[in-house]
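Heads up, target.cif below (mmCIF, C-alpha atoms and all ligand atoms):
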```
data_model
loop_
_atom_site.label_atom_id
_atom_site.label_comp_id
_atom_site.auth_asym_id
_atom_site.auth_seq_id
_atom_site.Cartn_x
_atom_site.Cartn_y
_atom_site.Cartn_z
CA MET A 343 -25.22 13.78 12.81
CA LYS A 344 -23.03 16.42 11.22
CA THR A 345 -19.31 16.83 10.47
CA GLN A 346 -17.02 18.72 8.11
CA VAL A 347 -15.26 15.74 6.48
CA ALA A 348 -16.91 12.31 6.58
CA ILE A 349 -14.29 9.59 6.17
CA ILE A 350 -15.38 6.14 5.00
CA GLY A 351 -12.95 3.39 6.03
CA ALA A 352 -10.59 3.08 9.02
CA GLY A 353 -7.62 1.56 7.21
CA PRO A 354 -4.33 3.47 7.23
CA SER A 355 -5.64 6.06 4.69
CA GLY A 356 -8.77 7.01 6.62
CA LEU A 357 -7.07 7.02 10.01
CA LEU A 358 -4.08 9.06 8.84
CA LEU A 359 -6.27 11.63 7.08
CA GLY A 360 -8.54 11.85 10.13
CA GLN A 361 -5.64 12.45 12.46
CA LEU A 362 -4.02 15.14 10.29
CA LEU A 363 -7.30 17.02 9.81
CA HIS A 364 -8.13 16.76 13.52
CA LEU A 365 -4.79 18.37 14.43
CA GLN A 366 -5.77 21.31 12.19
CA GLY A 367 -9.08 21.71 13.98
CA ILE A 368 -11.12 20.22 11.12
CA ASP A 369 -13.93 17.97 12.34
CA THR A 370 -14.14 14.41 10.98
CA VAL A 371 -16.26 11.31 11.56
CA ILE A 372 -14.87 7.93 10.50
CA LEU A 373 -17.27 5.15 9.46
CA GLU A 374 -15.80 1.63 9.29
CA ALA A 375 -17.68 -1.50 8.23
CA LYS A 376 -15.64 -3.94 10.33
CA SER A 377 -14.61 -4.17 14.00
CA PRO A 378 -11.24 -2.78 15.22
CA GLU A 379 -10.04 -6.35 15.87
CA TYR A 380 -10.85 -7.37 12.30
CA VAL A 381 -9.01 -4.35 10.87
CA LEU A 382 -5.95 -5.14 13.01
CA GLY A 383 -6.00 -8.79 11.95
CA ARG A 384 -4.97 -7.94 8.38
CA ILE A 385 -1.29 -8.56 7.60
CA ARG A 386 0.06 -6.19 4.95
CA ALA A 387 3.46 -5.02 3.69
CA GLY A 388 5.94 -3.21 5.88
CA VAL A 389 8.24 -0.93 3.88
CA LEU A 390 7.65 2.79 4.50
CA GLU A 391 9.00 5.57 2.31
CA GLN A 392 10.36 8.75 3.90
CA GLY A 393 7.25 10.65 2.75
CA PHE A 394 5.02 8.35 4.78
CA VAL A 395 7.35 8.44 7.79
CA ASP A 396 7.25 12.26 7.74
CA LEU A 397 3.44 12.29 7.49
CA LEU A 398 3.05 9.86 10.40
CA ARG A 399 5.30 12.15 12.44
CA GLU A 400 3.18 15.15 11.48
CA ALA A 401 0.13 13.16 12.61
CA LYS A 402 1.87 12.69 15.98
CA ALA A 403 1.50 8.91 15.72
CA SER A 404 5.11 7.96 15.08
CA ALA A 405 6.54 7.34 18.58
CA ARG A 406 6.53 3.52 18.36
CA MET A 407 7.67 3.48 14.72
CA ASP A 408 10.59 5.75 15.65
CA MET A 409 11.54 3.34 18.46
CA GLU A 410 10.84 -0.06 16.92
CA GLY A 411 11.12 0.53 13.16
CA HIS A 412 14.33 -0.36 11.33
CA VAL A 413 15.97 1.94 8.80
CA HIS A 414 17.13 0.00 5.72
CA GLU A 415 19.85 1.44 3.53
CA GLY A 416 19.58 -1.16 0.76
CA PHE A 417 18.03 -4.41 -0.52
CA SER A 418 19.11 -7.21 -2.84
CA MET A 419 17.94 -8.65 -6.10
CA CYS A 420 18.87 -12.27 -6.91
CA PHE A 421 18.90 -13.78 -10.37
CA ASP A 422 20.95 -16.26 -12.31
CA GLY A 423 22.25 -17.71 -9.01
CA ARG A 424 23.78 -14.42 -7.84
CA GLN A 425 22.87 -11.63 -5.49
CA GLN A 426 23.18 -7.94 -6.35
CA ARG A 427 22.73 -5.23 -3.67
CA VAL A 428 20.93 -1.97 -4.43
CA ASP A 429 22.56 0.61 -2.16
CA LEU A 430 19.58 2.90 -1.67
CA LYS A 431 21.43 5.39 0.49
CA ALA A 432 24.48 5.83 -1.76
CA LEU A 433 22.42 5.93 -4.97
CA THR A 434 19.85 8.50 -3.79
CA GLY A 435 22.03 10.99 -1.93
CA GLY A 436 21.21 9.62 1.52
CA LYS A 437 17.59 8.36 1.27
CA THR A 438 16.48 5.17 3.05
CA VAL A 439 13.26 3.25 3.85
CA MET A 440 11.76 2.26 7.20
CA VAL A 441 10.75 -1.34 7.87
CA TYR A 442 7.74 -1.29 10.21
CA GLY A 443 4.56 -3.34 9.70
CA GLN A 444 1.44 -1.71 8.31
CA THR A 445 -0.61 -3.51 10.96
CA GLU A 446 1.43 -1.67 13.61
CA VAL A 447 0.96 1.64 11.77
CA THR A 448 -2.80 1.05 11.82
CA LYS A 449 -2.75 0.25 15.54
CA ASP A 450 -0.74 3.40 16.32
CA LEU A 451 -3.15 5.54 14.30
CA MET A 452 -6.17 3.93 15.99
CA ASP A 453 -4.67 4.65 19.42
CA ALA A 454 -3.89 8.25 18.42
CA ARG A 455 -7.47 8.77 17.23
CA ALA A 456 -8.95 7.22 20.37
CA ALA A 457 -6.82 9.64 22.45
CA THR A 458 -8.30 12.66 20.63
CA GLY A 459 -11.88 11.64 21.37
CA ALA A 460 -12.87 12.20 17.72
CA THR A 461 -15.81 10.06 16.55
CA SER A 462 -15.09 6.71 14.89
CA ILE A 463 -18.00 4.37 14.27
CA TYR A 464 -16.96 0.75 13.74
CA GLU A 465 -19.31 -1.96 12.44
CA ALA A 466 -21.26 0.67 10.50
CA GLU A 467 -23.43 -1.37 8.14
CA ASN A 468 -24.88 -0.56 4.75
CA VAL A 469 -23.02 2.73 4.28
CA GLN A 470 -24.65 4.67 1.41
CA ILE A 471 -23.59 7.92 -0.21
CA TYR A 472 -25.96 10.65 -1.47
CA ASP A 473 -25.87 14.07 -3.11
CA ILE A 474 -22.13 14.33 -3.84
CA ASP A 475 -22.96 16.63 -6.74
CA THR A 476 -24.55 19.16 -4.36
CA GLU A 477 -23.08 21.37 -1.61
CA HIS A 478 -24.65 19.13 1.03
CA PRO A 479 -23.55 15.52 0.64
CA ARG A 480 -24.99 12.95 3.01
CA ILE A 481 -24.21 9.43 4.15
CA SER A 482 -26.63 6.96 5.66
CA PHE A 483 -25.60 3.87 7.60
CA ILE A 484 -26.98 1.37 10.06
CA LYS A 485 -25.57 1.05 13.59
CA ASN A 486 -27.09 -1.40 16.08
CA GLY A 487 -30.13 -1.73 13.84
CA GLU A 488 -30.77 2.02 13.68
CA VAL A 489 -30.51 4.05 10.45
CA ILE A 490 -28.33 7.14 10.98
CA GLN A 491 -27.81 10.11 8.64
CA LEU A 492 -24.44 11.87 8.54
CA HIS A 493 -24.42 15.33 6.91
CA CYS A 494 -21.06 16.76 5.83
CA ASP A 495 -19.18 19.24 3.62
CA TYR A 496 -17.02 16.58 1.94
CA ILE A 497 -16.63 12.81 1.78
CA ALA A 498 -13.24 11.06 1.76
CA GLY A 499 -13.67 7.56 0.33
CA CYS A 500 -10.87 5.66 2.12
CA ASP A 501 -12.68 2.33 1.98
CA GLY A 502 -10.27 0.20 -0.02
CA PHE A 503 -10.66 -1.66 -3.30
CA HIS A 504 -14.00 -3.29 -2.40
CA GLY A 505 -15.53 -0.21 -0.76
CA VAL A 506 -18.75 1.61 -1.54
CA SER A 507 -17.19 4.98 -2.49
CA ARG A 508 -15.81 4.14 -5.93
CA GLN A 509 -19.02 2.24 -6.68
CA SER A 510 -20.97 5.43 -5.87
CA ALA A 511 -19.18 7.50 -8.52
CA PRO A 512 -21.38 8.38 -11.53
CA LYS A 513 -20.78 5.66 -14.15
CA ASP A 514 -20.49 8.19 -16.99
CA GLN A 515 -17.69 10.11 -15.21
CA ILE A 516 -15.40 7.27 -14.07
CA LYS A 517 -12.79 5.41 -16.09
CA THR A 518 -10.73 2.52 -14.75
CA PHE A 519 -7.53 0.88 -15.99
CA GLU A 520 -6.61 -2.65 -14.98
CA ARG A 521 -4.02 -5.40 -15.39
CA VAL A 522 -4.47 -8.73 -13.65
CA TYR A 523 -1.37 -10.96 -13.36
CA PRO A 524 -1.51 -14.72 -13.99
CA PHE A 525 -0.17 -15.70 -10.53
CA GLY A 526 -0.52 -14.94 -6.82
CA TRP A 527 1.73 -14.52 -3.80
CA LEU A 528 1.72 -17.04 -0.99
CA GLY A 529 2.86 -15.24 2.18
CA VAL A 530 4.07 -16.74 5.45
CA LEU A 531 4.74 -14.96 8.74
CA SER A 532 6.98 -16.87 11.17
CA ARG A 533 8.57 -16.19 14.51
CA THR A 534 12.08 -16.81 13.20
CA PRO A 535 15.05 -14.48 12.67
CA PRO A 536 15.11 -13.03 9.12
CA VAL A 537 17.45 -14.81 6.69
CA ALA A 538 19.34 -11.53 6.10
CA ASP A 539 19.48 -7.99 7.48
CA GLU A 540 17.96 -6.54 4.30
CA LEU A 541 15.10 -7.57 1.98
CA ILE A 542 15.87 -10.02 -0.83
CA TYR A 543 13.80 -10.13 -4.06
CA ALA A 544 14.55 -13.23 -6.17
CA ASN A 545 13.91 -14.08 -9.81
CA HIS A 546 14.08 -17.86 -10.33
CA PRO A 547 12.87 -20.21 -13.09
CA ARG A 548 10.54 -21.81 -10.49
CA GLY A 549 9.06 -18.37 -9.76
CA PHE A 550 9.54 -15.22 -7.69
CA ALA A 551 10.49 -15.24 -3.99
CA LEU A 552 10.79 -12.47 -1.41
CA CYS A 553 12.47 -12.49 2.00
CA SER A 554 11.18 -9.70 4.21
CA MET A 555 10.80 -9.08 7.91
CA ARG A 556 8.95 -7.26 10.66
CA SER A 557 11.70 -7.36 13.34
CA SER A 558 14.82 -9.29 14.33
CA THR A 559 12.61 -12.16 15.51
CA LEU A 560 9.72 -12.00 13.03
CA SER A 561 10.09 -12.86 9.33
CA ARG A 562 7.78 -12.45 6.35
CA TYR A 563 8.41 -14.57 3.25
CA TYR A 564 6.59 -14.91 -0.05
CA VAL A 565 6.68 -17.25 -3.06
CA GLN A 566 4.87 -16.79 -6.35
CA CYS A 567 2.13 -19.44 -6.63
CA ALA A 568 -0.62 -20.44 -9.06
CA LEU A 569 -3.88 -18.53 -8.73
CA THR A 570 -5.67 -21.85 -8.55
CA ASP A 571 -3.62 -22.96 -5.51
CA ASN A 572 -5.44 -23.39 -2.24
CA ILE A 573 -3.83 -22.54 1.09
CA ASP A 574 -4.36 -26.17 2.16
CA ASP A 575 -2.08 -27.27 -0.71
CA TRP A 576 0.81 -25.55 1.07
CA SER A 577 2.07 -27.25 4.23
CA ASP A 578 4.77 -25.31 6.08
CA GLU A 579 7.29 -27.89 4.90
CA ARG A 580 6.35 -27.48 1.25
CA PHE A 581 6.55 -23.69 1.62
CA TRP A 582 10.05 -23.72 3.15
CA ASP A 583 11.34 -26.22 0.57
CA GLU A 584 9.97 -24.11 -2.27
CA LEU A 585 11.39 -20.89 -0.83
CA LYS A 586 14.85 -22.45 -0.40
CA SER A 587 14.83 -23.80 -3.96
CA ARG A 588 14.32 -20.25 -5.32
CA LEU A 589 17.12 -18.57 -3.32
CA PRO A 590 20.86 -18.64 -4.06
CA GLU A 591 22.51 -21.54 -2.21
CA ASN A 592 24.43 -19.38 0.29
CA VAL A 593 21.19 -17.59 1.26
CA ALA A 594 19.11 -20.79 1.45
CA LYS A 595 21.71 -22.28 3.80
CA GLN A 596 21.13 -19.42 6.27
CA LEU A 597 17.34 -19.75 6.31
CA VAL A 598 15.88 -20.53 9.74
CA THR A 599 12.50 -22.21 9.37
CA GLY A 600 9.69 -22.60 11.92
CA PRO A 601 5.94 -22.95 12.19
CA SER A 602 3.93 -20.37 10.23
CA ILE A 603 1.81 -18.02 12.34
CA GLU A 604 -0.05 -16.65 9.33
CA LYS A 605 -0.34 -17.97 5.79
CA SER A 606 -2.36 -16.45 2.96
CA ILE A 607 -2.59 -16.21 -0.83
CA ALA A 608 -3.13 -12.84 -2.52
CA PRO A 609 -3.75 -12.10 -6.21
CA LEU A 610 -1.69 -9.40 -7.97
CA ARG A 611 -3.35 -6.51 -9.73
CA SER A 612 -2.61 -3.08 -11.18
CA PHE A 613 -5.63 -0.76 -11.11
CA VAL A 614 -6.18 2.99 -11.47
CA THR A 615 -9.34 5.11 -11.30
CA GLU A 616 -9.62 8.40 -13.16
CA PRO A 617 -10.55 10.94 -11.93
CA MET A 618 -10.32 10.60 -8.13
CA LYS A 619 -12.80 13.38 -7.31
CA PHE A 620 -16.53 13.27 -8.05
CA GLY A 621 -18.29 16.42 -6.91
CA ARG A 622 -17.69 16.55 -3.16
CA MET A 623 -16.38 12.97 -2.86
CA PHE A 624 -12.64 12.17 -3.02
CA LEU A 625 -11.22 8.66 -3.50
CA VAL A 626 -8.10 7.99 -1.42
CA GLY A 627 -5.68 5.02 -1.33
CA ASP A 628 -6.80 1.52 -2.32
CA ALA A 629 -10.29 2.88 -3.11
CA ALA A 630 -8.72 4.56 -6.15
CA HIS A 631 -5.75 2.39 -7.08
CA ILE A 632 -4.03 -0.93 -6.53
CA VAL A 633 -0.44 -1.93 -7.24
CA PRO A 634 1.05 -5.41 -7.20
CA PRO A 635 3.10 -5.66 -3.97
CA THR A 636 6.46 -6.17 -5.72
CA GLY A 637 7.59 -2.57 -5.21
CA ALA A 638 6.05 -2.21 -1.71
CA LYS A 639 4.13 0.84 -2.92
CA GLY A 640 0.52 0.20 -1.73
CA LEU A 641 0.56 2.13 1.54
CA ASN A 642 3.10 4.63 0.24
CA LEU A 643 0.80 5.62 -2.60
CA ALA A 644 -2.12 5.97 -0.22
CA SER A 645 0.15 8.28 1.75
CA SER A 646 0.70 10.75 -1.09
CA ASP A 647 -3.08 10.90 -1.69
CA VAL A 648 -3.61 11.64 2.01
CA TYR A 649 -0.88 14.30 1.90
CA THR A 650 -2.52 15.98 -1.09
CA LEU A 651 -6.08 15.91 0.29
CA TYR A 652 -4.93 16.98 3.75
CA HIS A 653 -3.16 20.08 2.46
CA ALA A 654 -5.95 20.93 0.01
CA MET A 655 -8.55 20.64 2.83
CA ARG A 656 -6.39 22.58 5.28
CA LYS A 657 -5.93 25.47 2.84
CA HIS A 658 -9.62 25.36 1.90
CA TYR A 659 -10.84 25.66 5.51
CA GLN A 660 -8.11 27.98 6.78
CA GLU A 661 -7.32 30.17 3.77
CA GLY A 662 -10.42 29.84 1.57
CA ARG A 663 -8.36 28.21 -1.21
CA SER A 664 -11.06 25.93 -2.71
CA ASP A 665 -9.20 25.84 -6.04
CA LEU A 666 -6.78 23.29 -4.58
CA LEU A 667 -9.52 20.71 -4.00
CA GLU A 668 -10.15 20.87 -7.75
CA LYS A 669 -6.52 19.94 -8.40
CA TYR A 670 -6.61 16.84 -6.14
CA SER A 671 -7.04 14.25 -8.91
CA ASP A 672 -4.41 15.64 -11.24
CA ILE A 673 -1.78 16.03 -8.53
CA CYS A 674 -2.39 12.52 -7.18
CA LEU A 675 -2.58 10.78 -10.56
CA ARG A 676 0.77 12.13 -11.79
CA ARG A 677 2.57 10.33 -8.94
CA ILE A 678 0.25 7.30 -8.99
CA TRP A 679 0.99 6.42 -12.61
CA LYS A 680 4.75 6.59 -11.94
CA ALA A 681 4.40 4.21 -9.01
CA GLU A 682 2.09 1.99 -11.08
CA ARG A 683 4.83 1.85 -13.71
CA PHE A 684 7.53 0.91 -11.19
CA SER A 685 5.36 -1.76 -9.50
CA TRP A 686 4.41 -3.24 -12.90
CA TRP A 687 8.07 -3.22 -13.98
CA MET A 688 9.35 -4.89 -10.79
CA THR A 689 6.58 -7.49 -11.19
CA SER A 690 7.45 -8.02 -14.86
CA ILE A 691 11.17 -8.60 -14.36
CA LEU A 692 10.94 -10.80 -11.27
CA HIS A 693 8.11 -13.31 -11.90
CA ASN A 694 7.77 -16.43 -14.00
CA PHE A 695 5.20 -15.65 -16.71
CA ASP A 696 3.75 -18.95 -18.00
CA ASP A 697 7.17 -20.68 -18.19
CA ASP A 698 8.04 -18.56 -21.22
CA GLU A 699 11.77 -19.19 -21.78
CA PHE A 700 12.27 -16.21 -24.09
CA ASN A 701 10.77 -13.97 -21.44
CA HIS A 702 13.02 -15.51 -18.80
CA ARG A 703 16.17 -14.78 -20.89
CA ILE A 704 15.02 -11.17 -21.41
CA GLN A 705 14.49 -10.83 -17.64
CA GLN A 706 18.02 -12.08 -16.96
CA ALA A 707 19.43 -9.62 -19.47
CA GLU A 708 17.37 -6.76 -18.02
CA LEU A 709 18.41 -7.54 -14.45
CA ALA A 710 22.06 -7.97 -15.47
CA TYR A 711 21.96 -4.67 -17.35
CA TYR A 712 20.19 -2.62 -14.67
CA THR A 713 22.36 -3.94 -11.83
CA SER A 714 25.64 -3.41 -13.70
CA SER A 715 24.90 0.20 -14.62
CA GLU A 716 25.02 3.15 -12.21
CA ALA A 717 22.13 4.70 -14.14
CA GLY A 718 20.10 1.47 -13.91
CA LEU A 719 20.69 1.04 -10.19
CA THR A 720 19.85 4.71 -9.58
CA THR A 721 16.54 4.30 -11.43
CA ILE A 722 15.60 1.36 -9.22
CA ALA A 723 16.78 3.08 -6.03
CA GLU A 724 15.03 6.41 -6.54
CA ASN A 725 11.73 4.70 -7.27
CA TYR A 726 12.10 2.27 -4.36
CA VAL A 727 12.73 5.02 -1.78
CA GLY A 728 9.76 6.91 -3.24
CA LEU A 729 9.37 9.72 -5.75
CA PRO A 730 8.85 13.21 -4.29
CA TYR A 731 5.39 14.49 -3.30
CA GLU A 732 4.09 17.34 -5.43
CA ALA A 733 3.49 20.58 -3.54
CA VAL A 734 -0.20 21.46 -3.07
CA GLU A 735 -0.28 25.11 -4.06
N1 LIG B 1 -18.15 1.06 4.61
C1 LIG B 1 -17.24 1.36 5.58
N2 LIG B 1 -15.97 0.88 5.56
C2 LIG B 1 -15.60 0.10 4.55
C3 LIG B 1 -16.49 -0.23 3.50
C4 LIG B 1 -17.81 0.28 3.56
N3 LIG B 1 -18.71 0.00 2.60
N4 LIG B 1 -15.83 -1.02 2.61
C5 LIG B 1 -14.59 -1.17 3.10
N5 LIG B 1 -14.43 -0.51 4.26
C6 LIG B 1 -13.23 -0.44 5.12
C7 LIG B 1 -12.46 -1.74 5.18
O1 LIG B 1 -13.01 -2.62 6.14
C8 LIG B 1 -11.08 -1.26 5.56
O2 LIG B 1 -10.88 -1.22 6.95
O3 LIG B 1 -12.31 0.48 4.55
C9 LIG B 1 -10.99 0.16 4.99
C10 LIG B 1 -10.04 0.27 3.83
O4 LIG B 1 -8.73 0.02 4.26
P1 LIG B 1 -7.58 -0.57 3.31
O5 LIG B 1 -8.13 -1.64 2.44
O6 LIG B 1 -6.43 -0.91 4.20
O7 LIG B 1 -7.20 0.66 2.35
P2 LIG B 1 -6.32 1.96 2.65
O8 LIG B 1 -6.63 2.53 3.99
O9 LIG B 1 -6.46 2.82 1.44
O10 LIG B 1 -4.85 1.41 2.77
C11 LIG B 1 -3.89 1.48 1.81
O11 LIG B 1 -1.87 0.14 1.45
O12 LIG B 1 -0.40 -1.70 1.47
C12 LIG B 1 -1.55 -1.17 0.93
O13 LIG B 1 -3.41 -2.37 0.13
C13 LIG B 1 -2.69 -2.03 1.25
O14 LIG B 1 -4.54 -1.53 2.68
C14 LIG B 1 -3.42 -1.10 2.20
C15 LIG B 1 -3.25 0.18 1.50
C1 LIG B 2 6.40 -7.31 3.31
O1 LIG B 2 7.25 -7.18 4.19
O2 LIG B 2 5.30 -7.84 3.55
C2 LIG B 2 6.72 -6.83 1.95
C3 LIG B 2 7.92 -6.17 1.73
C4 LIG B 2 8.23 -5.74 0.47
C5 LIG B 2 7.36 -5.94 -0.57
C6 LIG B 2 6.15 -6.56 -0.35
C7 LIG B 2 5.82 -7.01 0.90
O3 LIG B 2 7.71 -5.51 -1.81
#
```

Represent the structure from my file as structure tokens, please.
Amino acid sequence: MKTQVAIIGAGPSGLLLGQLLHLQGIDTVILEAKSPEYVLGRIRAGVLEQGFVDLLREAKASARMDMEGHVHEGFSMCFDGRQQRVDLKALTGGKTVMVYGQTEVTKDLMDARAATGATSIYEAENVQIYDIDTEHPRISFIKNGEVIQLHCDYIAGCDGFHGVSRQSAPKDQIKTFERVYPFGWLGVLSRTPPVADELIYANHPRGFALCSMRSSTLSRYYVQCALTDNIDDWSDERFWDELKSRLPENVAKQLVTGPSIEKSIAPLRSFVTEPMKFGRMFLVGDAAHIVPPTGAKGLNLASSDVYTLYHAMRKHYQEGRSDLLEKYSDICLRRIWKAERFSWWMTSILHNFDDDEFNHRIQQAELAYYTSSEAGLTTIAENYVGLPYEAVE
């Protein structure tokens, strides 16, 4: 088998990159370890920056998002028993975010790829990467018991945090940076109307809480929990009681509860890989970096990587500009570290760290300061709507 760009992983990064390259006449093959049903079973965040929205439109996979997604002009932060709105639109000169689930984005991209007839191989086992330091990289994998070789010009490692791509980088060339947080998020999806029209992030002595949504009838809520907690420790009733206890009284009163349709615990981590290019292999999205979900930046960061690689590849194949592929890491990492900073900061000011009362007082002061100052609110707003993408030139 032969292709121009071999893409490992059919999450949002791999699918979006594949679609954009295909529309430019660049041949891709996507290899995915799991089945399509498994990939679509994952529930992830649902706040899209304008940069991602624009890229999905360019990929011609935005029709359903444009119909069913909801534009949000602000969100709230609660602390000290009060609620403070961050008016994204007013503070950023008109910018907003789109609330539309990542699972739906993935489905739309899968459908768009299927319609093009481009090759995607699901349940590809034992994917292995060879010769990235030569002009002829190669991937081997097993499909239905048969070993297949895929020859390509370049490899895009879009295979998430646990994928094979980052692990295939030469150990003496890769450096990683990591912070693990001493708590997790317990998330619940329920077929209930959201407690409010906009997202609410809450700092409370009992721990962080988040009220989010997928639509006017589907809500997504989270509470900070101990890393040692098991999902069986959390009945629906315990979850709703805990969530209510962490929200201001007037918000808690509005909360409509119901049976959970999904419940899961996720750890929180900050992680960055440097560089993101090893010979002819590029790391994209979660394969290269992780943010804690507090700023809703995971998919949006993957998006700026895809944007950068897409334009560098396009100009390489169409204009012979191979110099841009060499700039991939540096361009991506400048934006990644800024989003890492914002996600770390949002996590730091909103969670309970080991019941440390000094820390809690500092958080209250920081939240009171930022939300009472035009400069502070603007800082939060311009990061939340997403920092600009760097031109690839
Ligand atoms: N071979 C082939 N595919 C693999 C392999 C492998 N060895 N390892 C992992 N994969 C697949 C996974 O099954 C998954 O479908 O790669 C895909 C990676 O997808 P994601 O983890 O969703 O990563 P990415 O596409 O970069 O998405 C960006 O945004 O909100 C965040 O973390 C969230 O996933 C989200 C991310
Ligand atoms: C979500 O809707 O799942 C969500 C929203 C905002 C976040 C994290 C998760 O910051």

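Closest to ligand LIG 2 (chain B) among A:Arg562, A:His702, A:His546, A:His364 is A:Arg562, based on all atoms listed in the file.
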
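If you measure from each of A:Leu729, A:Ile607, A:Ala654, A:Leu357 to Ala454 of chain A using only C-alpha atoms, the closest one turns out to be A:Leu357.
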
How big is the axis-aligned box around the listed atoms of segment 453-463 of chain A once 3 Å is added on each side, and where is its centre? Give both in Å to one decimal, as JSON.
```
{"center_x": -10.9, "center_y": 8.5, "center_z": 18.4, "size_x": 20.1, "size_y": 14.3, "size_z": 14.2}
```

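Across the model, the gap from atom CA of Val626 of chain A to atom CA of Leu363 of chain A is 14.4 Å.
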
Could you list, with a cut-off of 12 Å and counting only C-alpha atoms, the residues of segment 385-421 of chain A near segment 681-691 of chain A, each shown with its nearest atom pair and the distance in Å rounded to one decimal, rows sorted by chain and ascending number, as a Markdown table?
```
| residue | atom | partner | partner_atom | distance |
| --- | --- | --- | --- | --- |
| A:Met419 | CA | A:Met688 | CA | 10.5 |
| A:Cys420 | CA | A:Ile691 | CA | 11.3 |
| A:Phe421 | CA | A:Ile691 | CA | 10.1 |
```

Same residues, C-alpha atoms, output as a CSV table (one decimal), keeping the file's coordinate frame:
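Result written to result-v1.csv:
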```csv
chain,number,residue,atom,x,y,z
A,419,MET,CA,17.9,-8.6,-6.1
A,420,CYS,CA,18.9,-12.3,-6.9
A,421,PHE,CA,18.9,-13.8,-10.4
```

Counting all atoms listed in the file, what residues are within 10 Å of ligand LIG 2 (chain B), given as an MDAnalysis selection string?
chainID A and resid 385:390 417 441:444 527 529:531 541:543 552:556 561:564 634:640 685 688:689 726

Can you tell me which residues come within 7 Å of ligand LIG 1 (chain B) when counting all atoms listed in the file, ideally as number ranges by chain?
A: 350-356, 373-376, 381, 386-387, 466-469, 500-506, 626-629, 632, 639-642, 644

For Ser377 of chain A, find every residue with an atom within 9 Å (counting all atoms listed in the file), except residues of its own chain fewer than 5 positions away, and show them as a JSON list (two decimals) with C-alpha atoms, in the coordinates of the input.
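This is the output file out-v9.json:
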```json
[["chain", "number", "residue", "atom", "x", "y", "z"],
["A", 382, "LEU", "CA", -5.95, -5.14, 13.01],
["A", 464, "TYR", "CA", -16.96, 0.75, 13.74],
["A", 465, "GLU", "CA", -19.31, -1.96, 12.44],
["A", 466, "ALA", "CA", -21.26, 0.67, 10.50]]
```

Near Glu579 of chain A, counting only C-alpha atoms, which residues have an atom at most 10 Å away, once you skip same-chain residues fewer than 6 positions from it, shown as number ranges by chain?
A: 585, 599-602

Kindly export the residues of the current selection with C-alpha atoms, as a tab-separated table (two decimals), in the frame of the given file.
```
chain	number	residue	atom	x	y	z
A	585	LEU	CA	11.39	-20.89	-0.83
A	599	THR	CA	12.50	-22.21	9.37
A	600	GLY	CA	9.69	-22.60	11.92
A	601	PRO	CA	5.94	-22.95	12.19
A	602	SER	CA	3.93	-20.37	10.23
```

Identify, on the basis of only C-alpha atoms, every residue whose closest approach to Ala568 of chain A does not exceed 8 Å; exclude the query and any residue fewer than 3 positions from it along the same chain; express the result as a ChimeraX atom specification.
/A:524-526,571

Would you mind telling me which residue in A:Leu398, A:Leu358, A:Val428, A:Ile471 lies nearest to Ile722 of chain A when using all atoms listed in the file?
A:Val428

Of A:Leu719, A:Val734, A:Ala403, A:Met655, the one nearest to Asp429 of chain A when counting all atoms listed in the file is A:Leu719

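Using all atoms listed in the file, the shortest contact distance between Gln706 of chain A and any of A:Asp422, A:Glu415, A:Glu661, A:Glu391 is found at A:Asp422.
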
Work out how far atom CA of Ser612 of chain A is from atom CA of Cys674 of chain A, in Å to one decimal.
16.1 Å

Could you tell me how far atom CA of Tyr496 of chain A lies from atom CA of Ile463 of chain A, in Å and to one decimal?
17.4 Å
